[in-house]
Amino acid sequence: MRLLISLIFPWLTFFTIGRPIAGIICLILQITLIGWIPAAIWSVYALSQYNTDKKIAEALQQRS
């Protein structure tokens, strides 16, 4: 679901993963029509990093 949000509303993804400053910057980038594609790519990348960090934290927590 977040992947779909990151393609349609890239700025909203940053707010859902707890990065509001990046969300505001992404919204400013998305306002320009040319900036929509870089904003969407940045959002998908940030979402994948968030998911990876979450999995690593879960693995370390299970290990302890």
# chains A, B, ... in the order shown; residues from 1 in each chain; ligands from 1
>>> residues_around(residues="range 33-49 of chain A", least_positions_apart="3", cutoff="7 Å", atoms="only C-alpha atoms", output="list in words")
Leu3, Ser6, Leu7, Pro10, Thr13, Cys26, Leu29, Gln30, Thr52 and Asp53 of chain A
>>> write_last_selection(atoms="all heavy atoms", output="short mmCIF file (atom, residue, chain, number, x, y, z; two decimals), in the first residue's frame")
data_model
loop_
_atom_site.label_atom_id
_atom_site.label_comp_id
_atom_site.auth_asym_id
_atom_site.auth_seq_id
_atom_site.Cartn_x
_atom_site.Cartn_y
_atom_site.Cartn_z
N LEU A 3 3.75 1.54 -1.22
CA LEU A 3 4.39 1.70 -2.53
C LEU A 3 3.47 2.46 -3.49
O LEU A 3 3.92 3.34 -4.22
CB LEU A 3 4.76 0.33 -3.12
CG LEU A 3 5.50 0.35 -4.44
CD1 LEU A 3 6.82 1.09 -4.31
CD2 LEU A 3 5.74 -1.06 -4.92
N SER A 6 3.55 6.01 -2.50
CA SER A 6 4.79 6.69 -2.87
C SER A 6 4.85 7.02 -4.36
O SER A 6 5.57 7.93 -4.75
CB SER A 6 6.00 5.86 -2.45
OG SER A 6 6.19 4.78 -3.31
N LEU A 7 4.11 6.33 -5.18
CA LEU A 7 4.07 6.66 -6.60
C LEU A 7 3.07 7.78 -6.90
O LEU A 7 3.32 8.61 -7.77
CB LEU A 7 3.73 5.42 -7.42
CG LEU A 7 4.79 4.33 -7.43
CD1 LEU A 7 4.27 3.10 -8.14
CD2 LEU A 7 6.08 4.81 -8.03
N PRO A 10 4.16 11.11 -3.44
CA PRO A 10 5.47 10.83 -2.86
C PRO A 10 5.71 11.51 -1.51
O PRO A 10 6.29 10.92 -0.61
CB PRO A 10 6.45 11.35 -3.91
CG PRO A 10 5.71 11.37 -5.18
CD PRO A 10 4.29 11.63 -4.81
N THR A 13 4.43 9.64 1.69
CA THR A 13 5.21 8.49 2.15
C THR A 13 6.18 8.89 3.25
O THR A 13 6.33 8.17 4.24
CB THR A 13 5.99 7.87 0.98
OG1 THR A 13 5.06 7.50 -0.04
CG2 THR A 13 6.76 6.65 1.41
N CYS A 26 10.02 17.09 -0.34
CA CYS A 26 9.48 16.31 -1.46
C CYS A 26 8.22 16.97 -2.02
O CYS A 26 8.00 16.96 -3.23
CB CYS A 26 9.18 14.89 -1.00
SG CYS A 26 8.72 13.78 -2.32
N LEU A 29 9.27 19.73 -4.23
CA LEU A 29 9.77 19.15 -5.48
C LEU A 29 8.62 18.65 -6.35
O LEU A 29 8.63 18.82 -7.56
CB LEU A 29 10.74 18.02 -5.17
CG LEU A 29 11.43 17.32 -6.34
CD1 LEU A 29 12.30 18.32 -7.09
CD2 LEU A 29 12.28 16.17 -5.84
N GLN A 30 7.62 18.07 -5.71
CA GLN A 30 6.50 17.50 -6.45
C GLN A 30 5.59 18.57 -7.05
O GLN A 30 4.90 18.30 -8.03
CB GLN A 30 5.70 16.60 -5.52
CG GLN A 30 4.59 15.85 -6.21
CD GLN A 30 3.81 14.99 -5.25
OE1 GLN A 30 4.20 14.80 -4.12
NE2 GLN A 30 2.70 14.48 -5.72
N THR A 52 14.03 -2.01 4.96
CA THR A 52 15.26 -2.73 5.26
C THR A 52 15.70 -2.46 6.70
O THR A 52 16.06 -3.40 7.43
CB THR A 52 16.38 -2.31 4.28
OG1 THR A 52 15.96 -2.59 2.95
CG2 THR A 52 17.66 -3.05 4.58
N ASP A 53 15.67 -1.21 7.12
CA ASP A 53 16.04 -0.88 8.50
C ASP A 53 15.11 -1.55 9.50
O ASP A 53 15.55 -2.00 10.56
CB ASP A 53 16.01 0.63 8.71
CG ASP A 53 17.11 1.36 7.94
OD1 ASP A 53 18.06 0.68 7.51
OD2 ASP A 53 17.00 2.58 7.78
#
>>> select_by_dssp(residues="chain A", states="helix (DSSP H, G or I)", output="NGL selection string")
:A and (2-8 or 10-16 or 20-31 or 36-63)
>>> write_last_selection(atoms="N, CA and C atoms", output="compact mmCIF listing (two decimals), in the first residue's frame")
# COMPACT_ATOMS: atom_id res chain seq x y z
N ARG A 2 1.93 1.23 0.80
CA ARG A 2 2.81 2.39 0.84
C ARG A 2 3.51 2.62 -0.50
N LEU A 3 3.75 1.54 -1.22
CA LEU A 3 4.39 1.70 -2.53
C LEU A 3 3.47 2.46 -3.49
N LEU A 4 2.21 2.15 -3.45
CA LEU A 4 1.24 2.87 -4.29
C LEU A 4 1.16 4.34 -3.87
N ILE A 5 1.16 4.58 -2.57
CA ILE A 5 1.15 5.96 -2.08
C ILE A 5 2.40 6.70 -2.53
N SER A 6 3.55 6.01 -2.50
CA SER A 6 4.79 6.69 -2.87
C SER A 6 4.85 7.02 -4.36
N LEU A 7 4.11 6.33 -5.18
CA LEU A 7 4.07 6.66 -6.60
C LEU A 7 3.07 7.78 -6.90
N ILE A 8 1.96 7.80 -6.18
CA ILE A 8 0.93 8.80 -6.44
C ILE A 8 1.18 10.08 -5.65
N PRO A 10 4.16 11.11 -3.44
CA PRO A 10 5.47 10.83 -2.86
C PRO A 10 5.71 11.51 -1.51
N TRP A 11 5.23 12.72 -1.34
CA TRP A 11 5.46 13.45 -0.10
C TRP A 11 4.78 12.78 1.09
N LEU A 12 3.65 12.13 0.87
CA LEU A 12 2.91 11.49 1.95
C LEU A 12 3.66 10.29 2.52
N THR A 13 4.43 9.64 1.69
CA THR A 13 5.21 8.49 2.15
C THR A 13 6.18 8.89 3.25
N PHE A 14 6.82 10.03 3.10
CA PHE A 14 7.78 10.47 4.10
C PHE A 14 7.10 10.74 5.44
N PHE A 15 5.88 11.23 5.40
CA PHE A 15 5.16 11.46 6.66
C PHE A 15 4.77 10.13 7.31
N THR A 16 4.46 9.11 6.51
CA THR A 16 4.08 7.82 7.08
C THR A 16 5.27 7.06 7.66
N PRO A 20 9.15 13.97 8.45
CA PRO A 20 8.34 15.10 7.97
C PRO A 20 9.11 16.17 7.22
N ILE A 21 10.37 16.42 7.58
CA ILE A 21 11.14 17.44 6.87
C ILE A 21 11.40 17.01 5.43
N ALA A 22 11.73 15.74 5.25
CA ALA A 22 11.91 15.22 3.89
C ALA A 22 10.58 15.26 3.13
N GLY A 23 9.47 15.07 3.84
CA GLY A 23 8.16 15.15 3.22
C GLY A 23 7.85 16.54 2.69
N ILE A 24 8.23 17.54 3.44
CA ILE A 24 8.01 18.93 3.00
C ILE A 24 8.89 19.24 1.79
N ILE A 25 10.14 18.81 1.83
CA ILE A 25 11.04 19.03 0.68
C ILE A 25 10.51 18.30 -0.55
N CYS A 26 10.02 17.09 -0.34
CA CYS A 26 9.48 16.31 -1.46
C CYS A 26 8.22 16.97 -2.02
N LEU A 27 7.40 17.53 -1.15
CA LEU A 27 6.20 18.23 -1.61
C LEU A 27 6.56 19.43 -2.47
N ILE A 28 7.57 20.17 -2.07
CA ILE A 28 8.03 21.31 -2.87
C ILE A 28 8.54 20.83 -4.22
N LEU A 29 9.27 19.73 -4.23
CA LEU A 29 9.77 19.15 -5.48
C LEU A 29 8.62 18.65 -6.35
N GLN A 30 7.62 18.07 -5.71
CA GLN A 30 6.50 17.50 -6.45
C GLN A 30 5.59 18.57 -7.05
N ILE A 31 5.58 19.75 -6.49
CA ILE A 31 4.72 20.82 -7.01
C ILE A 31 5.06 21.12 -8.47
N TRP A 36 8.10 15.72 -10.30
CA TRP A 36 7.28 14.60 -9.83
C TRP A 36 8.04 13.27 -9.94
N ILE A 37 8.70 13.04 -11.06
CA ILE A 37 9.42 11.77 -11.26
C ILE A 37 10.57 11.60 -10.27
N PRO A 38 11.44 12.61 -10.09
CA PRO A 38 12.48 12.45 -9.07
C PRO A 38 11.90 12.29 -7.66
N ALA A 39 10.80 12.97 -7.37
CA ALA A 39 10.18 12.84 -6.06
C ALA A 39 9.66 11.42 -5.85
N ALA A 40 9.07 10.84 -6.87
CA ALA A 40 8.55 9.47 -6.77
C ALA A 40 9.70 8.47 -6.61
N ILE A 41 10.78 8.67 -7.34
CA ILE A 41 11.93 7.78 -7.22
C ILE A 41 12.55 7.88 -5.84
N TRP A 42 12.69 9.09 -5.34
CA TRP A 42 13.24 9.32 -4.00
C TRP A 42 12.34 8.67 -2.94
N SER A 43 11.05 8.78 -3.12
CA SER A 43 10.10 8.23 -2.17
C SER A 43 10.16 6.70 -2.15
N VAL A 44 10.23 6.07 -3.30
CA VAL A 44 10.33 4.61 -3.36
C VAL A 44 11.64 4.14 -2.75
N TYR A 45 12.72 4.86 -3.00
CA TYR A 45 14.02 4.52 -2.42
C TYR A 45 13.98 4.64 -0.90
N ALA A 46 13.42 5.73 -0.40
CA ALA A 46 13.33 5.94 1.05
C ALA A 46 12.46 4.87 1.70
N LEU A 47 11.39 4.47 1.02
CA LEU A 47 10.52 3.42 1.54
C LEU A 47 11.25 2.09 1.61
N SER A 48 12.05 1.78 0.61
CA SER A 48 12.80 0.52 0.64
C SER A 48 13.85 0.53 1.75
N GLN A 49 14.48 1.68 1.97
CA GLN A 49 15.45 1.79 3.06
C GLN A 49 14.76 1.65 4.42
N TYR A 50 13.57 2.22 4.55
CA TYR A 50 12.80 2.11 5.79
C TYR A 50 12.46 0.66 6.08
N ASN A 51 12.01 -0.06 5.04
CA ASN A 51 11.66 -1.47 5.22
C ASN A 51 12.90 -2.30 5.57
N THR A 52 14.03 -2.01 4.96
CA THR A 52 15.26 -2.73 5.26
C THR A 52 15.70 -2.46 6.70
N ASP A 53 15.67 -1.21 7.12
CA ASP A 53 16.04 -0.88 8.50
C ASP A 53 15.11 -1.55 9.50
N LYS A 54 13.84 -1.64 9.17
CA LYS A 54 12.87 -2.29 10.05
C LYS A 54 13.17 -3.78 10.18
N LYS A 55 13.51 -4.43 9.08
CA LYS A 55 13.84 -5.86 9.11
C LYS A 55 15.12 -6.12 9.90
N ILE A 56 16.10 -5.25 9.75
CA ILE A 56 17.35 -5.40 10.49
C ILE A 56 17.10 -5.24 11.98
N ALA A 57 16.29 -4.27 12.35
CA ALA A 57 15.98 -4.07 13.77
C ALA A 57 15.24 -5.26 14.35
N GLU A 58 14.33 -5.85 13.59
CA GLU A 58 13.61 -7.04 14.06
C GLU A 58 14.57 -8.22 14.22
N ALA A 59 15.48 -8.39 13.29
CA ALA A 59 16.43 -9.49 13.36
C ALA A 59 17.36 -9.33 14.57
N LEU A 60 17.80 -8.12 14.83
CA LEU A 60 18.66 -7.88 15.98
C LEU A 60 17.90 -8.07 17.28
N GLN A 61 16.64 -7.74 17.29
CA GLN A 61 15.83 -7.89 18.49
C GLN A 61 15.59 -9.38 18.79
N GLN A 62 15.41 -10.17 17.78
CA GLN A 62 15.20 -11.61 17.96
C GLN A 62 16.49 -12.28 18.42
N ARG A 63 17.59 -11.75 18.00
CA ARG A 63 18.90 -12.32 18.32
C ARG A 63 19.26 -12.13 19.79
